[in-house]
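Undergrad: Below is the file data00.cif, which contains mmCIF, N, CA and C atoms.
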```
data_run
#
loop_
_atom_site.label_atom_id
_atom_site.label_comp_id
_atom_site.auth_asym_id
_atom_site.auth_seq_id
_atom_site.Cartn_x
_atom_site.Cartn_y
_atom_site.Cartn_z
N MET T 8 11.36 32.72 -32.89
CA MET T 8 12.65 32.19 -33.33
C MET T 8 12.82 30.76 -32.86
N LEU T 9 12.58 30.53 -31.56
CA LEU T 9 12.74 29.19 -31.00
C LEU T 9 11.72 28.22 -31.57
N SER T 10 10.50 28.70 -31.82
CA SER T 10 9.47 27.82 -32.38
C SER T 10 9.79 27.45 -33.83
N SER T 11 10.41 28.36 -34.57
CA SER T 11 10.77 28.03 -35.96
C SER T 11 11.91 27.01 -36.01
N ILE T 12 12.84 27.10 -35.04
CA ILE T 12 13.91 26.11 -34.97
C ILE T 12 13.34 24.74 -34.61
N LYS T 13 12.40 24.74 -33.64
CA LYS T 13 11.76 23.49 -33.24
C LYS T 13 10.97 22.89 -34.40
N LYS T 14 10.30 23.73 -35.16
CA LYS T 14 9.52 23.27 -36.29
C LYS T 14 10.43 22.69 -37.38
N SER T 15 11.56 23.31 -37.63
CA SER T 15 12.46 22.81 -38.67
C SER T 15 13.12 21.50 -38.23
N ILE T 16 13.45 21.37 -36.94
CA ILE T 16 14.02 20.11 -36.45
C ILE T 16 12.99 18.99 -36.54
N SER T 17 11.76 19.27 -36.17
CA SER T 17 10.72 18.24 -36.27
C SER T 17 10.44 17.88 -37.72
N SER T 18 10.57 18.82 -38.63
CA SER T 18 10.40 18.54 -40.05
C SER T 18 11.52 17.63 -40.57
N VAL T 19 12.74 17.91 -40.16
CA VAL T 19 13.87 17.06 -40.57
C VAL T 19 13.73 15.67 -39.97
N TYR T 20 13.29 15.57 -38.73
CA TYR T 20 13.10 14.26 -38.10
C TYR T 20 11.98 13.48 -38.79
N LEU T 21 10.93 14.17 -39.19
CA LEU T 21 9.85 13.51 -39.93
C LEU T 21 10.36 12.97 -41.26
N LEU T 22 11.17 13.76 -41.96
CA LEU T 22 11.76 13.28 -43.21
C LEU T 22 12.66 12.07 -42.97
N TYR T 23 13.40 12.08 -41.88
CA TYR T 23 14.25 10.95 -41.50
C TYR T 23 13.40 9.71 -41.26
N GLU T 24 12.31 9.87 -40.53
CA GLU T 24 11.42 8.73 -40.27
C GLU T 24 10.80 8.20 -41.55
N LEU T 25 10.40 9.09 -42.44
CA LEU T 25 9.77 8.65 -43.68
C LEU T 25 10.77 7.97 -44.61
N ASN T 26 11.98 8.47 -44.67
CA ASN T 26 12.97 7.89 -45.57
C ASN T 26 13.50 6.55 -45.07
N THR T 27 13.56 6.36 -43.77
CA THR T 27 14.06 5.10 -43.23
C THR T 27 12.93 4.13 -42.89
N CYS T 28 11.71 4.54 -43.07
CA CYS T 28 10.51 3.72 -42.81
C CYS T 28 10.39 3.29 -41.35
N ILE T 29 10.92 4.07 -40.43
CA ILE T 29 10.76 3.71 -39.02
C ILE T 29 9.49 4.32 -38.43
N TYR T 30 8.73 5.05 -39.23
CA TYR T 30 7.48 5.60 -38.71
C TYR T 30 6.47 4.51 -38.44
N MET T 31 6.68 3.31 -39.00
CA MET T 31 5.74 2.20 -38.82
C MET T 31 6.02 1.41 -37.54
N LEU T 32 7.14 1.65 -36.90
CA LEU T 32 7.55 0.84 -35.76
C LEU T 32 6.92 1.34 -34.46
N ASP T 33 6.94 0.45 -33.47
CA ASP T 33 6.50 0.83 -32.14
C ASP T 33 7.53 1.80 -31.54
N PRO T 34 7.14 2.55 -30.49
CA PRO T 34 8.08 3.51 -29.90
C PRO T 34 9.37 2.87 -29.38
N TRP T 35 9.29 1.69 -28.76
CA TRP T 35 10.52 1.05 -28.27
C TRP T 35 11.40 0.59 -29.43
N GLU T 36 10.78 0.18 -30.54
CA GLU T 36 11.56 -0.22 -31.72
C GLU T 36 12.23 0.99 -32.37
N LYS T 37 11.54 2.12 -32.38
CA LYS T 37 12.14 3.35 -32.91
C LYS T 37 13.37 3.74 -32.10
N LYS T 38 13.25 3.67 -30.77
CA LYS T 38 14.38 4.01 -29.91
C LYS T 38 15.55 3.06 -30.14
N PHE T 39 15.25 1.78 -30.30
CA PHE T 39 16.29 0.79 -30.53
C PHE T 39 17.00 1.05 -31.86
N ILE T 40 16.24 1.24 -32.93
CA ILE T 40 16.82 1.48 -34.26
C ILE T 40 17.60 2.80 -34.27
N ASN T 41 17.05 3.84 -33.67
CA ASN T 41 17.76 5.12 -33.59
C ASN T 41 19.06 4.98 -32.80
N GLY T 42 19.03 4.18 -31.74
CA GLY T 42 20.25 3.92 -30.96
C GLY T 42 21.30 3.19 -31.78
N VAL T 43 20.87 2.21 -32.57
CA VAL T 43 21.81 1.47 -33.42
C VAL T 43 22.41 2.41 -34.47
N ILE T 44 21.58 3.21 -35.10
CA ILE T 44 22.07 4.14 -36.13
C ILE T 44 23.01 5.16 -35.50
N PHE T 45 22.66 5.70 -34.34
CA PHE T 45 23.53 6.66 -33.66
C PHE T 45 24.86 6.02 -33.27
N SER T 46 24.79 4.77 -32.79
CA SER T 46 26.03 4.07 -32.42
C SER T 46 26.94 3.86 -33.61
N ILE T 47 26.37 3.48 -34.74
CA ILE T 47 27.17 3.29 -35.95
C ILE T 47 27.80 4.60 -36.38
N LEU T 48 27.05 5.68 -36.36
CA LEU T 48 27.60 6.98 -36.75
C LEU T 48 28.67 7.45 -35.77
N ALA T 49 28.46 7.21 -34.47
CA ALA T 49 29.45 7.59 -33.47
C ALA T 49 30.74 6.79 -33.64
N LEU T 50 30.62 5.48 -33.89
CA LEU T 50 31.80 4.66 -34.10
C LEU T 50 32.52 5.04 -35.39
N LEU T 51 31.78 5.41 -36.41
CA LEU T 51 32.39 5.86 -37.67
C LEU T 51 33.16 7.16 -37.45
N ALA T 52 32.58 8.10 -36.72
CA ALA T 52 33.27 9.36 -36.45
C ALA T 52 34.51 9.13 -35.58
N PHE T 53 34.39 8.29 -34.56
CA PHE T 53 35.53 8.01 -33.68
C PHE T 53 36.66 7.31 -34.44
N SER T 54 36.31 6.31 -35.24
CA SER T 54 37.36 5.58 -35.96
C SER T 54 38.02 6.45 -37.02
N SER T 55 37.26 7.33 -37.65
CA SER T 55 37.90 8.23 -38.61
C SER T 55 38.81 9.22 -37.91
N TYR T 56 38.47 9.61 -36.70
CA TYR T 56 39.33 10.51 -35.93
C TYR T 56 40.60 9.81 -35.47
N VAL T 57 40.49 8.54 -35.10
CA VAL T 57 41.64 7.80 -34.58
C VAL T 57 42.54 7.30 -35.70
N TYR T 58 41.95 6.69 -36.73
CA TYR T 58 42.75 6.02 -37.74
C TYR T 58 43.07 6.89 -38.95
N LEU T 59 42.34 7.96 -39.15
CA LEU T 59 42.59 8.86 -40.27
C LEU T 59 42.68 10.30 -39.79
N PRO T 60 43.62 10.62 -38.90
CA PRO T 60 43.63 11.96 -38.30
C PRO T 60 43.91 13.07 -39.31
N SER T 61 44.78 12.84 -40.28
CA SER T 61 45.09 13.92 -41.23
C SER T 61 43.89 14.18 -42.15
N TYR T 62 43.21 13.11 -42.57
CA TYR T 62 42.04 13.30 -43.42
C TYR T 62 40.90 13.95 -42.64
N THR T 63 40.74 13.56 -41.39
CA THR T 63 39.69 14.16 -40.57
C THR T 63 39.98 15.63 -40.34
N ARG T 64 41.25 15.97 -40.12
CA ARG T 64 41.63 17.38 -39.94
C ARG T 64 41.31 18.19 -41.19
N LYS T 65 41.61 17.62 -42.37
CA LYS T 65 41.31 18.32 -43.63
C LYS T 65 39.81 18.48 -43.81
N LEU T 66 39.04 17.46 -43.43
CA LEU T 66 37.59 17.53 -43.56
C LEU T 66 37.01 18.59 -42.62
N ILE T 67 37.50 18.63 -41.40
CA ILE T 67 37.02 19.64 -40.44
C ILE T 67 37.38 21.03 -40.92
N ASN T 68 38.60 21.21 -41.44
CA ASN T 68 39.01 22.52 -41.94
C ASN T 68 38.24 22.91 -43.20
N ALA T 69 37.78 21.93 -43.97
CA ALA T 69 36.98 22.24 -45.16
C ALA T 69 35.61 22.79 -44.78
N PHE T 70 35.04 22.25 -43.70
CA PHE T 70 33.71 22.68 -43.29
C PHE T 70 33.72 23.87 -42.33
N MET T 71 34.86 24.10 -41.67
CA MET T 71 34.97 25.22 -40.75
C MET T 71 36.21 26.04 -41.08
N PRO T 72 36.20 26.76 -42.19
CA PRO T 72 37.39 27.54 -42.55
C PRO T 72 37.49 28.80 -41.69
N THR T 73 38.23 28.72 -40.62
CA THR T 73 38.35 29.84 -39.70
C THR T 73 39.60 30.67 -39.95
N GLY T 74 40.40 30.25 -40.90
CA GLY T 74 41.63 30.98 -41.19
C GLY T 74 42.83 30.37 -40.53
N ASN T 75 42.64 29.73 -39.39
CA ASN T 75 43.76 29.05 -38.74
C ASN T 75 43.53 27.55 -38.84
N GLU T 76 44.60 26.83 -38.96
CA GLU T 76 44.51 25.38 -39.11
C GLU T 76 44.19 24.72 -37.77
N LEU T 77 43.33 23.74 -37.80
CA LEU T 77 43.00 22.97 -36.61
C LEU T 77 44.12 21.98 -36.35
N THR T 78 44.59 21.95 -35.13
CA THR T 78 45.68 21.03 -34.82
C THR T 78 45.18 19.93 -33.92
N LEU T 79 45.51 18.72 -34.28
CA LEU T 79 45.17 17.56 -33.49
C LEU T 79 46.47 16.89 -33.06
N ASP T 80 47.19 17.53 -32.18
CA ASP T 80 48.51 17.04 -31.78
C ASP T 80 48.44 15.72 -31.03
N LEU T 81 47.32 15.43 -30.42
CA LEU T 81 47.22 14.19 -29.68
C LEU T 81 47.31 12.98 -30.60
N MET T 82 46.84 13.11 -31.81
CA MET T 82 46.77 11.98 -32.70
C MET T 82 47.98 11.86 -33.62
N ASP T 83 48.86 12.84 -33.65
CA ASP T 83 49.98 12.80 -34.57
C ASP T 83 51.06 11.82 -34.15
N HIS T 84 51.11 11.45 -32.88
CA HIS T 84 52.20 10.63 -32.39
C HIS T 84 51.76 9.23 -31.98
N HIS T 85 50.54 8.84 -32.29
CA HIS T 85 50.05 7.57 -31.80
C HIS T 85 50.46 6.39 -32.66
N GLN T 86 50.94 6.60 -33.88
CA GLN T 86 51.27 5.49 -34.76
C GLN T 86 52.78 5.32 -34.89
N GLN T 87 53.46 5.22 -33.78
CA GLN T 87 54.88 4.97 -33.79
C GLN T 87 55.12 3.46 -33.73
N PRO T 88 56.18 2.98 -34.36
CA PRO T 88 56.43 1.55 -34.35
C PRO T 88 56.73 1.04 -32.93
N ILE T 89 56.29 -0.15 -32.65
CA ILE T 89 56.46 -0.75 -31.34
C ILE T 89 57.61 -1.74 -31.42
N ASP T 90 58.56 -1.63 -30.50
CA ASP T 90 59.69 -2.54 -30.45
C ASP T 90 59.39 -3.60 -29.40
N TYR T 91 59.20 -4.84 -29.87
CA TYR T 91 58.89 -5.94 -28.97
C TYR T 91 60.13 -6.62 -28.42
N GLY T 92 61.33 -6.25 -28.90
CA GLY T 92 62.57 -6.82 -28.41
C GLY T 92 62.84 -8.22 -28.92
N VAL T 93 62.15 -8.64 -29.98
CA VAL T 93 62.37 -9.98 -30.54
C VAL T 93 63.24 -9.83 -31.78
N ASN T 94 64.36 -10.50 -31.80
CA ASN T 94 65.27 -10.43 -32.95
C ASN T 94 65.44 -11.77 -33.60
#
```
Since I need it in another form, could you write the structure as structure tokens?

TA:
Amino acid sequence: MLSSIKKSISSVYLLYELNTCIYMLDPWEKKFINGVIFSILALLAFSSYVYLPSYTRKLINAFMPTGNELTLDLMDHHQQPIDYGVN
């Protein structure tokens, strides 16, 4: 079971390397490019969570329909108007 999971993950990683053409790079270049791609994906996920909380909640509920709605109460109150006291 564990070997089949490892084999499928290595197969997906090989397809990733072939599609992005990073199989030609040196090992340090692969790590650098993978780090850049991971950083971009992490920033995209974080910004969608912060700036689009209702859409992110709908997306999460679409992929994980557990019957109960996912609540993100921390993000519902962050976009309140700021009063700077300038009139």

Undergrad: Report the distance between atom CA of T:Ser18 and atom CA of T:Leu50 in Å, rounded to one decimal place.

TA: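 Rounded to one decimal, the two atoms are 26.2 Å apart.
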
Undergrad: In Å, how far is it from atom N of T:Leu25 to atom C of T:Asn41?

TA: 13.6 Å

Undergrad: For atom C of T:Thr27 and atom CA of T:Ile44, quote the distance in Å rounded to one decimal.

TA: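 Going from atom C of T:Thr27 over to atom CA of T:Ile44 covers 11.4 Å.
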